[in-house]
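Structure data (mmCIF, C-alpha atoms) from upload_10.cif:
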```cif
data_work
loop_
_atom_site.group_PDB
_atom_site.id
_atom_site.type_symbol
_atom_site.label_atom_id
_atom_site.label_comp_id
_atom_site.auth_asym_id
_atom_site.auth_seq_id
_atom_site.Cartn_x
_atom_site.Cartn_y
_atom_site.Cartn_z
ATOM 1 C CA MET I 474 1.662 -17.079 6.365
ATOM 2 C CA PRO I 475 -0.679 -20.008 5.588
ATOM 3 C CA ARG I 476 0.128 -23.470 6.860
ATOM 4 C CA ALA I 477 1.891 -25.873 4.562
ATOM 5 C CA THR I 478 -0.156 -28.530 2.805
ATOM 6 C CA SER I 479 0.813 -31.772 1.151
ATOM 7 C CA GLU I 480 -1.054 -30.963 -2.063
ATOM 8 C CA ARG I 481 0.719 -29.956 -5.262
ATOM 9 C CA PHE I 482 1.486 -26.272 -5.391
ATOM 10 C CA ASN I 483 0.877 -23.950 -8.299
ATOM 11 C CA LYS I 484 1.039 -20.202 -8.546
ATOM 12 C CA ILE I 485 -2.309 -20.227 -10.372
ATOM 13 C CA HIS I 486 -4.953 -20.905 -7.731
ATOM 14 C CA ALA I 487 -8.620 -20.278 -7.064
ATOM 15 C CA ALA I 488 -9.631 -16.624 -6.883
ATOM 16 C CA ALA I 489 -11.370 -15.524 -3.867
ATOM 17 C CA ALA I 490 16.976 -1.940 5.590
ATOM 18 C CA LYS I 491 18.986 -3.918 4.410
ATOM 19 C CA PRO I 492 17.374 -4.230 1.053
ATOM 20 C CA GLY I 493 18.109 -0.614 0.122
ATOM 21 C CA VAL I 494 21.286 1.383 0.148
ATOM 22 C CA ALA I 495 21.710 2.993 3.541
ATOM 23 C CA LYS I 496 22.644 6.645 3.568
ATOM 24 C CA SER I 497 26.235 7.399 4.440
ATOM 25 C CA SER I 498 26.963 9.525 7.478
ATOM 26 C CA LYS I 499 26.931 13.265 6.827
ATOM 27 C CA ASP I 500 30.222 15.125 6.636
ATOM 28 C CA SER I 501 30.476 18.285 8.706
ATOM 29 C CA THR I 502 30.991 20.251 5.507
ATOM 30 C CA ASN I 503 27.629 19.249 4.011
ATOM 31 C CA SER I 504 25.161 22.050 3.406
ATOM 32 C CA ALA I 505 22.032 22.478 5.503
ATOM 33 C CA SER I 506 19.931 21.333 2.557
ATOM 34 C CA ALA I 507 21.341 17.805 2.886
ATOM 35 C CA SER I 508 19.521 17.198 6.165
ATOM 36 C CA ASN I 509 16.346 18.239 7.870
ATOM 37 C CA PRO I 510 17.045 20.512 10.864
ATOM 38 C CA ILE I 511 13.587 20.036 12.367
ATOM 39 C CA PHE I 512 12.869 16.316 12.203
ATOM 40 C CA ASN I 513 14.859 13.111 12.658
ATOM 41 C CA THR I 514 14.984 12.289 8.952
ATOM 42 C CA ASP I 515 18.524 10.946 9.131
ATOM 43 C CA ARG I 516 17.766 8.759 12.128
ATOM 44 C CA PHE I 517 14.590 7.237 10.680
ATOM 45 C CA GLY I 518 15.643 7.089 7.028
ATOM 46 C CA GLN I 519 12.822 9.372 5.932
ATOM 47 C CA HIS I 520 12.741 11.872 3.100
ATOM 48 C CA ILE I 521 9.757 14.208 2.978
ATOM 49 C CA LEU I 522 7.953 14.159 -0.372
ATOM 50 C CA LYS I 523 7.605 17.834 -1.265
ATOM 51 C CA ASN I 524 6.224 17.737 -4.819
ATOM 52 C CA PRO I 525 2.398 18.016 -4.614
ATOM 53 C CA LEU I 526 1.908 16.635 -8.134
ATOM 54 C CA VAL I 527 3.842 13.479 -7.294
ATOM 55 C CA ALA I 528 1.961 13.106 -4.005
ATOM 56 C CA GLN I 529 -1.390 13.398 -5.787
ATOM 57 C CA SER I 530 -0.325 10.925 -8.456
ATOM 58 C CA ILE I 531 0.635 8.329 -5.831
ATOM 59 C CA VAL I 532 -2.739 8.640 -4.122
ATOM 60 C CA ASP I 533 -4.556 8.469 -7.462
ATOM 61 C CA LYS I 534 -2.755 5.195 -8.294
ATOM 62 C CA ALA I 535 -4.471 3.578 -5.296
ATOM 63 C CA ASN I 536 -7.928 4.061 -6.838
ATOM 64 C CA LEU I 537 -9.392 4.709 -3.398
ATOM 65 C CA ARG I 538 -13.070 4.179 -2.682
ATOM 66 C CA PRO I 539 -15.172 6.311 -0.289
ATOM 67 C CA THR I 540 -15.539 3.252 1.990
ATOM 68 C CA ASP I 541 -11.815 2.439 2.169
ATOM 69 C CA LYS I 542 -9.819 2.307 5.364
ATOM 70 C CA VAL I 543 -6.212 3.166 4.590
ATOM 71 C CA LEU I 544 -2.976 2.362 6.406
ATOM 72 C CA GLU I 545 -0.187 4.863 5.790
ATOM 73 C CA VAL I 546 3.346 4.051 6.909
ATOM 74 C CA GLY I 547 5.767 6.925 7.474
ATOM 75 C CA PRO I 548 3.375 9.838 6.835
ATOM 76 C CA GLY I 549 5.968 12.445 7.778
ATOM 77 C CA THR I 550 4.352 15.873 7.779
ATOM 78 C CA GLY I 551 1.281 14.596 5.944
ATOM 79 C CA ASN I 552 1.722 15.553 2.285
ATOM 80 C CA LEU I 553 0.254 12.196 1.239
ATOM 81 C CA THR I 554 -2.063 11.941 4.240
ATOM 82 C CA VAL I 555 -4.158 15.026 3.504
ATOM 83 C CA ARG I 556 -4.791 13.780 -0.038
ATOM 84 C CA ILE I 557 -5.725 10.294 1.177
ATOM 85 C CA LEU I 558 -8.171 11.823 3.683
ATOM 86 C CA GLU I 559 -9.985 13.551 0.820
ATOM 87 C CA LYS I 560 -10.873 10.181 -0.748
ATOM 88 C CA ALA I 561 -10.945 7.545 2.008
ATOM 89 C CA LYS I 562 -13.281 6.823 4.898
ATOM 90 C CA HIS I 563 -10.492 6.562 7.479
ATOM 91 C CA VAL I 564 -6.697 6.685 7.707
ATOM 92 C CA THR I 565 -4.413 5.087 10.272
ATOM 93 C CA ALA I 566 -0.947 6.644 10.025
ATOM 94 C CA VAL I 567 2.009 4.901 11.688
ATOM 95 C CA GLU I 568 4.841 7.345 12.392
ATOM 96 C CA MET I 569 8.096 6.653 14.235
ATOM 97 C CA ASP I 570 9.075 10.278 14.883
ATOM 98 C CA PRO I 571 6.887 11.950 17.568
ATOM 99 C CA ARG I 572 7.695 15.406 16.211
ATOM 100 C CA MET I 573 6.438 14.526 12.742
ATOM 101 C CA ALA I 574 3.341 12.995 14.303
ATOM 102 C CA ALA I 575 2.754 16.282 16.154
ATOM 103 C CA GLU I 576 3.155 18.233 12.922
ATOM 104 C CA LEU I 577 0.631 15.989 11.184
ATOM 105 C CA THR I 578 -1.810 16.378 14.094
ATOM 106 C CA LYS I 579 -1.478 20.151 13.885
ATOM 107 C CA ARG I 580 -2.080 20.046 10.138
ATOM 108 C CA VAL I 581 -5.570 18.508 10.464
ATOM 109 C CA GLN I 582 -6.526 20.004 13.822
ATOM 110 C CA GLY I 583 -9.932 21.674 13.763
ATOM 111 C CA LYS I 584 -10.737 20.352 10.294
ATOM 112 C CA PRO I 585 -13.357 17.718 9.378
ATOM 113 C CA GLU I 586 -10.543 15.362 8.370
ATOM 114 C CA GLN I 587 -9.358 15.205 11.989
ATOM 115 C CA ARG I 588 -12.141 12.749 12.841
ATOM 116 C CA LYS I 589 -11.014 10.444 10.025
ATOM 117 C CA LEU I 590 -7.376 10.206 11.134
ATOM 118 C CA ASP I 591 -5.716 8.054 13.793
ATOM 119 C CA ILE I 592 -1.975 8.471 14.353
ATOM 120 C CA VAL I 593 0.033 5.622 15.857
ATOM 121 C CA ILE I 594 3.449 6.663 17.154
ATOM 122 C CA GLY I 595 5.878 3.779 17.092
ATOM 123 C CA ASP I 596 7.702 1.158 15.040
ATOM 124 C CA PHE I 597 5.546 -0.183 12.193
ATOM 125 C CA VAL I 598 7.243 -3.573 12.420
ATOM 126 C CA LYS I 599 6.064 -3.973 16.028
ATOM 127 C CA ALA I 600 2.800 -2.013 15.952
ATOM 128 C CA ASP I 601 -0.629 -3.631 16.223
ATOM 129 C CA LEU I 602 -2.299 -2.995 12.895
ATOM 130 C CA PRO I 603 -6.029 -2.366 12.465
ATOM 131 C CA TYR I 604 -8.132 -3.594 9.566
ATOM 132 C CA PHE I 605 -7.284 -1.762 6.332
ATOM 133 C CA ASP I 606 -8.233 -2.082 2.668
ATOM 134 C CA VAL I 607 -5.274 -0.214 1.171
ATOM 135 C CA CYS I 608 -1.744 0.626 2.290
ATOM 136 C CA ILE I 609 0.107 3.690 0.992
ATOM 137 C CA SER I 610 3.654 4.481 2.031
ATOM 138 C CA ASN I 611 6.620 6.709 1.316
ATOM 139 C CA THR I 612 8.658 3.984 2.941
ATOM 140 C CA PRO I 613 11.544 4.716 5.326
ATOM 141 C CA TYR I 614 14.411 2.908 3.596
ATOM 142 C CA GLN I 615 15.443 0.710 6.524
ATOM 143 C CA ILE I 616 12.068 -1.038 6.806
ATOM 144 C CA SER I 617 11.489 -1.726 3.093
ATOM 145 C CA SER I 618 11.709 -5.511 3.280
ATOM 146 C CA PRO I 619 10.008 -5.895 6.705
ATOM 147 C CA LEU I 620 7.149 -3.694 5.484
ATOM 148 C CA VAL I 621 6.534 -5.769 2.362
ATOM 149 C CA PHE I 622 6.484 -9.096 4.170
ATOM 150 C CA ARG I 623 4.400 -7.808 7.052
ATOM 151 C CA LEU I 624 1.782 -6.586 4.593
ATOM 152 C CA LEU I 625 1.774 -9.937 2.787
ATOM 153 C CA SER I 626 1.352 -11.865 6.048
ATOM 154 C CA HIS I 627 -1.328 -9.548 7.473
ATOM 155 C CA ARG I 628 -4.843 -10.934 7.800
ATOM 156 C CA PRO I 629 -7.325 -10.105 6.492
ATOM 157 C CA ILE I 630 -5.497 -9.493 3.225
ATOM 158 C CA CYS I 631 -5.507 -5.920 1.961
ATOM 159 C CA ARG I 632 -6.706 -5.147 -1.572
ATOM 160 C CA VAL I 633 -3.631 -3.280 -2.732
ATOM 161 C CA ALA I 634 -0.509 -1.497 -1.492
ATOM 162 C CA ILE I 635 1.040 1.527 -3.225
ATOM 163 C CA LEU I 636 4.578 1.768 -1.895
ATOM 164 C CA MET I 637 7.537 4.023 -2.665
ATOM 165 C CA PHE I 638 11.024 2.538 -2.302
ATOM 166 C CA GLN I 639 14.558 3.206 -3.349
ATOM 167 C CA ARG I 640 14.781 2.426 -7.077
ATOM 168 C CA GLU I 641 17.024 -0.634 -6.804
ATOM 169 C CA PHE I 642 14.825 -2.295 -4.189
ATOM 170 C CA ALA I 643 11.704 -1.577 -6.251
ATOM 171 C CA LEU I 644 13.288 -3.079 -9.370
ATOM 172 C CA ARG I 645 14.211 -6.211 -7.449
ATOM 173 C CA LEU I 646 10.569 -6.585 -6.397
ATOM 174 C CA VAL I 647 9.344 -6.548 -9.994
ATOM 175 C CA ALA I 648 12.263 -8.447 -11.554
ATOM 176 C CA THR I 649 11.552 -11.505 -13.706
ATOM 177 C CA PRO I 650 13.513 -14.762 -14.129
ATOM 178 C CA ASP I 651 16.619 -14.633 -16.300
ATOM 179 C CA THR I 652 17.254 -10.966 -15.540
ATOM 180 C CA ALA I 653 20.069 -9.481 -13.494
ATOM 181 C CA LEU I 654 17.860 -8.463 -10.541
ATOM 182 C CA TRP I 655 15.818 -11.690 -10.205
ATOM 183 C CA SER I 656 16.497 -12.779 -6.637
ATOM 184 C CA ARG I 657 15.212 -14.508 -3.548
ATOM 185 C CA LEU I 658 13.333 -11.294 -2.698
ATOM 186 C CA SER I 659 11.646 -11.263 -6.127
ATOM 187 C CA ALA I 660 10.511 -14.882 -5.887
ATOM 188 C CA ASN I 661 9.355 -14.665 -2.257
ATOM 189 C CA VAL I 662 7.205 -11.601 -2.921
ATOM 190 C CA GLN I 663 5.822 -12.722 -6.272
ATOM 191 C CA LEU I 664 4.679 -16.017 -4.746
ATOM 192 C CA TYR I 665 2.102 -14.065 -2.741
ATOM 193 C CA ALA I 666 1.347 -10.991 -4.862
ATOM 194 C CA LYS I 667 1.275 -9.411 -8.282
ATOM 195 C CA VAL I 668 3.850 -6.612 -8.332
ATOM 196 C CA ASP I 669 4.025 -3.766 -10.863
ATOM 197 C CA HIS I 670 6.338 -0.787 -11.255
ATOM 198 C CA ILE I 671 4.031 2.205 -11.740
ATOM 199 C CA MET I 672 6.173 5.351 -11.608
ATOM 200 C CA LYS I 673 9.651 6.777 -11.116
ATOM 201 C CA VAL I 674 10.292 9.575 -8.627
ATOM 202 C CA GLY I 675 13.448 11.690 -8.903
ATOM 203 C CA LYS I 676 15.521 12.544 -5.844
ATOM 204 C CA ASN I 677 14.788 16.273 -6.181
ATOM 205 C CA ASN I 678 11.162 15.655 -5.227
ATOM 206 C CA PHE I 679 12.227 15.084 -1.602
ATOM 207 C CA ARG I 680 13.479 17.144 1.314
ATOM 208 C CA PRO I 681 16.242 16.352 2.035
ATOM 209 C CA PRO I 682 17.026 14.762 -1.353
ATOM 210 C CA PRO I 683 18.157 11.124 -0.967
ATOM 211 C CA GLN I 684 21.322 9.825 -2.569
ATOM 212 C CA VAL I 685 19.409 7.507 -4.895
ATOM 213 C CA GLU I 686 16.345 7.644 -7.144
ATOM 214 C CA SER I 687 12.989 6.228 -6.026
ATOM 215 C CA SER I 688 10.165 4.250 -7.602
ATOM 216 C CA VAL I 689 6.568 3.472 -6.736
ATOM 217 C CA VAL I 690 5.258 -0.091 -6.993
ATOM 218 C CA ARG I 691 1.794 -1.582 -6.763
ATOM 219 C CA ILE I 692 1.532 -4.807 -4.756
ATOM 220 C CA ALA I 693 -1.756 -6.690 -5.090
ATOM 221 C CA PRO I 694 -1.776 -9.745 -2.779
ATOM 222 C CA TYR I 695 -3.373 -12.927 -4.122
ATOM 223 C CA ASP I 696 -6.646 -13.661 -2.335
ATOM 224 C CA PRO I 697 -6.806 -16.402 -1.321
ATOM 225 C CA PRO I 698 -3.039 -16.821 -0.977
ATOM 226 C CA PRO I 699 -1.368 -19.993 -2.268
ATOM 227 C CA PRO I 700 -1.380 -22.841 0.293
ATOM 228 C CA VAL I 701 2.352 -22.616 0.903
ATOM 229 C CA LYS I 702 4.021 -22.021 4.230
ATOM 230 C CA PHE I 703 6.286 -19.007 3.755
ATOM 231 C CA GLU I 704 9.077 -20.439 5.912
ATOM 232 C CA GLU I 705 9.233 -23.512 3.654
ATOM 233 C CA PHE I 706 9.400 -21.546 0.401
ATOM 234 C CA ASP I 707 11.874 -19.078 1.905
ATOM 235 C CA GLY I 708 14.042 -21.922 3.199
ATOM 236 C CA LEU I 709 14.279 -23.373 -0.307
ATOM 237 C CA THR I 710 14.972 -20.040 -2.000
ATOM 238 C CA ARG I 711 17.650 -19.313 0.601
ATOM 239 C CA ILE I 712 19.513 -22.421 -0.597
ATOM 240 C CA ILE I 713 19.130 -22.022 -4.335
ATOM 241 C CA PHE I 714 19.684 -18.253 -4.476
ATOM 242 C CA SER I 715 22.787 -18.326 -2.294
ATOM 243 C CA ARG I 716 24.592 -19.039 -5.563
ATOM 244 C CA ARG I 717 22.026 -17.920 -8.121
ATOM 245 C CA ASN I 718 24.249 -18.494 -11.159
ATOM 246 C CA LYS I 719 25.493 -21.894 -10.019
ATOM 247 C CA THR I 720 23.551 -25.087 -10.682
ATOM 248 C CA ILE I 721 20.789 -26.108 -8.275
ATOM 249 C CA HIS I 722 22.803 -29.261 -7.558
ATOM 250 C CA ALA I 723 25.775 -27.142 -6.459
ATOM 251 C CA GLY I 724 23.532 -25.170 -4.109
ATOM 252 C CA PHE I 725 22.297 -28.312 -2.381
ATOM 253 C CA MET I 726 25.813 -29.699 -2.126
ATOM 254 C CA ALA I 727 27.082 -26.576 -0.340
ATOM 255 C CA LYS I 728 28.521 -27.085 3.129
ATOM 256 C CA GLY I 729 25.900 -27.836 5.768
ATOM 257 C CA VAL I 730 22.868 -28.092 3.466
ATOM 258 C CA VAL I 731 22.655 -31.905 3.284
ATOM 259 C CA SER I 732 23.068 -32.316 7.048
ATOM 260 C CA MET I 733 20.448 -29.637 7.719
ATOM 261 C CA LEU I 734 17.904 -31.318 5.446
ATOM 262 C CA GLU I 735 18.652 -34.695 7.009
ATOM 263 C CA ALA I 736 17.957 -33.247 10.456
ATOM 264 C CA ASN I 737 14.725 -31.696 9.166
ATOM 265 C CA TRP I 738 13.693 -35.039 7.669
ATOM 266 C CA LYS I 739 14.271 -36.865 10.948
ATOM 267 C CA THR I 740 12.223 -34.237 12.776
ATOM 268 C CA TRP I 741 9.409 -34.673 10.266
ATOM 269 C CA CYS I 742 9.528 -38.469 10.694
ATOM 270 C CA ALA I 743 9.307 -38.137 14.475
ATOM 271 C CA GLU I 744 6.389 -35.693 14.296
ATOM 272 C CA ASN I 745 4.504 -37.971 11.881
ATOM 273 C CA GLU I 746 5.350 -41.214 13.732
ATOM 274 C CA GLN I 747 7.384 -42.515 10.831
ATOM 275 C CA ILE I 748 10.196 -45.010 11.332
ATOM 276 C CA ILE I 749 13.608 -43.408 10.750
ATOM 277 C CA ASP I 750 15.714 -45.542 8.450
ATOM 278 C CA ASP I 751 19.339 -44.905 9.442
ATOM 279 C CA SER I 752 20.522 -46.369 6.144
ATOM 280 C CA VAL I 753 18.988 -43.512 4.184
ATOM 281 C CA ASP I 754 21.613 -41.477 2.301
ATOM 282 C CA MET I 755 20.212 -37.914 2.218
ATOM 283 C CA LYS I 756 22.652 -36.785 -0.480
ATOM 284 C CA THR I 757 21.395 -39.539 -2.763
ATOM 285 C CA ARG I 758 17.760 -38.686 -2.028
ATOM 286 C CA ILE I 759 18.358 -35.022 -2.836
ATOM 287 C CA GLU I 760 20.054 -35.888 -6.126
ATOM 288 C CA LYS I 761 17.183 -38.226 -7.030
ATOM 289 C CA VAL I 762 14.636 -35.433 -6.505
ATOM 290 C CA LEU I 763 16.702 -33.035 -8.616
ATOM 291 C CA ASP I 764 17.021 -35.627 -11.388
ATOM 292 C CA GLU I 765 13.319 -36.532 -11.381
ATOM 293 C CA THR I 766 12.263 -32.878 -11.519
ATOM 294 C CA GLU I 767 14.974 -32.168 -14.120
ATOM 295 C CA PHE I 768 16.370 -29.261 -12.107
ATOM 296 C CA THR I 769 19.870 -30.677 -11.473
ATOM 297 C CA GLU I 770 21.569 -28.427 -14.037
ATOM 298 C CA ASN I 771 19.143 -25.514 -13.729
ATOM 299 C CA ARG I 772 20.098 -22.212 -12.130
ATOM 300 C CA ALA I 773 18.017 -20.177 -9.712
ATOM 301 C CA ALA I 774 18.620 -17.099 -11.858
ATOM 302 C CA LYS I 775 16.358 -18.655 -14.511
ATOM 303 C CA MET I 776 13.787 -20.499 -12.375
ATOM 304 C CA THR I 777 10.224 -19.216 -12.210
ATOM 305 C CA VAL I 778 8.071 -19.195 -9.087
ATOM 306 C CA ASN I 779 6.219 -22.231 -10.433
ATOM 307 C CA ASP I 780 9.535 -24.044 -10.978
ATOM 308 C CA ILE I 781 10.445 -23.417 -7.339
ATOM 309 C CA LEU I 782 7.009 -24.593 -6.189
ATOM 310 C CA LYS I 783 7.395 -27.795 -8.222
ATOM 311 C CA LEU I 784 10.763 -28.463 -6.576
ATOM 312 C CA LEU I 785 9.395 -27.710 -3.103
ATOM 313 C CA SER I 786 6.483 -30.091 -3.636
ATOM 314 C CA ALA I 787 8.832 -32.871 -4.781
ATOM 315 C CA PHE I 788 10.903 -32.536 -1.610
ATOM 316 C CA HIS I 789 7.764 -32.520 0.550
ATOM 317 C CA ASP I 790 6.687 -35.765 -1.122
ATOM 318 C CA ILE I 791 9.697 -37.528 0.423
ATOM 319 C CA GLY I 792 9.351 -35.784 3.788
ATOM 320 C CA VAL I 793 12.153 -33.261 3.301
ATOM 321 C CA HIS I 794 11.305 -29.797 4.639
ATOM 322 C CA PHE I 795 13.157 -26.504 4.766
ATOM 323 C CA ALA I 796 11.940 -24.912 8.001
#
```
Here is a file; write its structure as structure tokens.
Amino acid sequence: MPRATSERFNKIHAAAAKPGVAKSSKDSTNSASASNPIFNTDRFGQHILKNPLVAQSIVDKANLRPTDKVLEVGPGTGNLTVRILEKAKHVTAVEMDPRMAAELTKRVQGKPEQRKLDIVIGDFVKADLPYFDVCISNTPYQISSPLVFRLLSHRPICRVAILMFQREFALRLVATPDTALWSRLSANVQLYAKVDHIMKVGKNNFRPPPQVESSVVRIAPYDPPPPVKFEEFDGLTRIIFSRRNKTIHAGFMAKGVVSMLEANWKTWCAENEQIIDDSVDMKTRIEKVLDETEFTENRAAKMTVNDILKLLSAFHDIGVHFA
């Protein structure tokens, strides 16, 4: 993520698996239709999209251009891939399961599309990613959050990502302040991108069918991104969303928070050759910032991204950092 700056932050700037519900272990009495006997779908959290109309609709939502290079995560047997290849210049598909990768290779072998496809076998979170304009993914549930934040931190910034997630995770991504699902995840993602819910996908469109419904979201990263260091913003949201319905003051007064911020302040003073005043009362300084910004009695559940940026900037002004 970009380096932190001392300037005032604002979401409006110049143009230029833990998150999901993990599947429970299969009982020996389950039918064969509840698992895939050929591929490691249970192991990798994958569910093959079998409905061709849904697959085509997902690809159409990306508005691909003939010059686009596309990154696909979790291609499975290629039901999305073959449709992407029809519209894009090149596709890099990252697949964890070697047997699915082999099936996808076989599917395009001897066809013109073969020259436009590179398959990377391995963990997306650890893989070296090439340049890409668009990302499309039927996302394995256990990498939902890592995938989103890796895409947002990737440089150069992609134009858009069309991603399918478990419904609850998707709704948390698009949640707005003062709603039940507004969370640290919502704020952290919406700081760096515009996120829209674009379609629902029922469980019967997959093989094997998952236990929950799915949704497709469009993530369009801001370019250029806001000049905010992600670790700083995330450190602040970690504090205030730990008790999202409690006051912001209560969050900062939680055990260990004041001492952590005092240690961070002393580190900042040392790095910037500032004299450390041992008489400084960090609790008092925190309360002063909250009073001056008028956030003392606010609750994270109702704070916008710009509210959080205003609070972060106020703490930076007195040398208090969160990472």
Inset, instruction - Dump as JSON, numbers by chain all residues having an atom at most 12 Å from (9.8, -22.3, 1.1), computed in the file's coordinates with all atoms listed in the file. - result: {"I": [474, 475, 476, 477, 478, 482, 657, 660, 661, 662, 664, 665, 699, 700, 701, 702, 703, 704, 705, 706, 707, 708, 709, 710, 711, 712, 713, 778, 781, 782, 783, 784, 785, 786, 788, 789, 793, 794, 795, 796]}
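Comparing I:Val689, I:Ser656, I:Asn552, I:Pro613 by their smallest distance to I:Leu636, the closest is I:Val689 (using only C-alpha atoms).
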Inset, instruction - Kindly give the distance, in Å, that separates atom CA of I:Asp591 and atom CA of I:Pro629, rounded to a single decimal. - result: 19.6 Å
Inset, instruction - In Å, rounded to a single decimal, give me how far atom CA of I:Thr565 is from atom CA of I:Pro603. - result: 7.9 Å
Inset, instruction - Choose the residue, out of I:Leu590, I:Leu658, I:Leu544, I:Ala643, that has the smallest atom-to-atom separation from I:Ile609; count only C-alpha atoms. - result: I:Leu544
Inset, instruction - Name every residue that the PyMOL selection byres ((chain I and resi 534-537) around 9) selects in this structure, writing the answer as a list in words with chains first and numbers rising. - result: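 Evaluating the PyMOL selection byres ((chain I and resi 534-537) around 9) on these coordinates yields Gln529, Ser530, Ile531, Val532, Asp533, Arg538, Pro539, Thr540, Asp541, Val543, Ile557, Lys560, Ala561, Val607, Cys608, Ile609, Val633, Ala634, Ile635, Ile671 and Arg691 of chain I.
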Take the residues that were just selected and, keeping C-alpha atoms, output them as a PDB file, keeping the file's coordinate frame.
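What follows is the written file selection23.pdb:
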```
ATOM      1  CA  GLN I 529      -1.390  13.398  -5.787  1.00  0.00           C
ATOM      2  CA  SER I 530      -0.325  10.925  -8.456  1.00  0.00           C
ATOM      3  CA  ILE I 531       0.635   8.329  -5.831  1.00  0.00           C
ATOM      4  CA  VAL I 532      -2.739   8.640  -4.122  1.00  0.00           C
ATOM      5  CA  ASP I 533      -4.556   8.469  -7.462  1.00  0.00           C
ATOM      6  CA  ARG I 538     -13.070   4.179  -2.682  1.00  0.00           C
ATOM      7  CA  PRO I 539     -15.172   6.311  -0.289  1.00  0.00           C
ATOM      8  CA  THR I 540     -15.539   3.252   1.990  1.00  0.00           C
ATOM      9  CA  ASP I 541     -11.815   2.439   2.169  1.00  0.00           C
ATOM     10  CA  VAL I 543      -6.212   3.166   4.590  1.00  0.00           C
ATOM     11  CA  ILE I 557      -5.725  10.294   1.177  1.00  0.00           C
ATOM     12  CA  LYS I 560     -10.873  10.181  -0.748  1.00  0.00           C
ATOM     13  CA  ALA I 561     -10.945   7.545   2.008  1.00  0.00           C
ATOM     14  CA  VAL I 607      -5.274  -0.214   1.171  1.00  0.00           C
ATOM     15  CA  CYS I 608      -1.744   0.626   2.290  1.00  0.00           C
ATOM     16  CA  ILE I 609       0.107   3.690   0.992  1.00  0.00           C
ATOM     17  CA  VAL I 633      -3.631  -3.280  -2.732  1.00  0.00           C
ATOM     18  CA  ALA I 634      -0.509  -1.497  -1.492  1.00  0.00           C
ATOM     19  CA  ILE I 635       1.040   1.527  -3.225  1.00  0.00           C
ATOM     20  CA  ILE I 671       4.031   2.205 -11.740  1.00  0.00           C
ATOM     21  CA  ARG I 691       1.794  -1.582  -6.763  1.00  0.00           C
TER      22      ARG I 691
END
```
Using all atoms listed in the file, which protein or nucleic acid residues come within 7 Å of I:Phe679? Drop anything in the same chain fewer than 6 positions from it, and give the result as a PDB file with C-alpha atoms, in the frame of the given file.
```pdb
ATOM      1  CA  HIS I 520      12.741  11.872   3.100  1.00  0.00           C
ATOM      2  CA  ILE I 521       9.757  14.208   2.978  1.00  0.00           C
ATOM      3  CA  LEU I 522       7.953  14.159  -0.372  1.00  0.00           C
ATOM      4  CA  LYS I 523       7.605  17.834  -1.265  1.00  0.00           C
TER       5      LYS I 523
END
```
Inset, instruction - Give me the residues within 7 Å of I:Lys667 as JSON, numbers by chain, counting only C-alpha atoms and dropping any in the same chain fewer than 4 places off. - result: {"I": [663, 692, 693, 694]}
Inset, instruction - Would you mind telling me which residue in I:Gly792, I:Asn611, I:Gly729, I:Gly675 lies nearest to I:Glu744 when using all atoms listed in the file? - result: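 Going through I:Gly792, I:Asn611, I:Gly729, I:Gly675 one by one, the smallest distance to I:Glu744 is for I:Gly792.
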Compile a residue-level contact table for stretch 602-680 of chain I against stretch 770-774 of chain I at a cut-off of 10 Å, reporting for every qualifying residue the shortest atom pair and its distance in Å to one decimal, with all atoms listed in the file counted, rows ordered by chain and ascending number, as CSV.
```
residue,atom,partner,partner_atom,distance
I:Thr649,CA,I:Ala774,CA,9.2
I:Pro650,CA,I:Ala774,CA,6.1
I:Asp651,CA,I:Ala774,CA,5.5
I:Thr652,CA,I:Ala774,CA,7.3
I:Ala653,CA,I:Ala774,CA,7.9
I:Leu654,CA,I:Ala774,CA,8.8
I:Trp655,CA,I:Ala774,CA,6.3
I:Ser656,CA,I:Ala774,CA,7.1
I:Arg657,CA,I:Ala773,CA,8.8
I:Ala660,CA,I:Ala773,CA,10.0
```
Inset, instruction - Given the file shown, determine the residues that the PyMOL selection byres ((chain I and resi 574-577) around 10) selects; report them as a list in words. - result: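 On the file shown, the PyMOL selection byres ((chain I and resi 574-577) around 10) covers Phe512, Gly547, Pro548, Gly549, Thr550, Gly551, Asn552, Thr554, Val555, Ala566, Val567, Glu568, Met569, Asp570, Pro571, Arg572, Met573, Thr578, Lys579, Arg580, Val581, Gln582, Leu590, Ile592, Val593, Ile594 and Gly595 of chain I.
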Inset, instruction - Check the smallest atom-to-atom distance from each of I:Val546, I:Leu526, I:Cys631, I:Val647 to I:Ile616 using only C-alpha atoms, then report the winner. - result: I:Val546
Inset, instruction - Between atom CA of I:Leu763 and atom CA of I:Leu734, measure the distance and give it in Å to one decimal. - result: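 The value is 14.2 Å.
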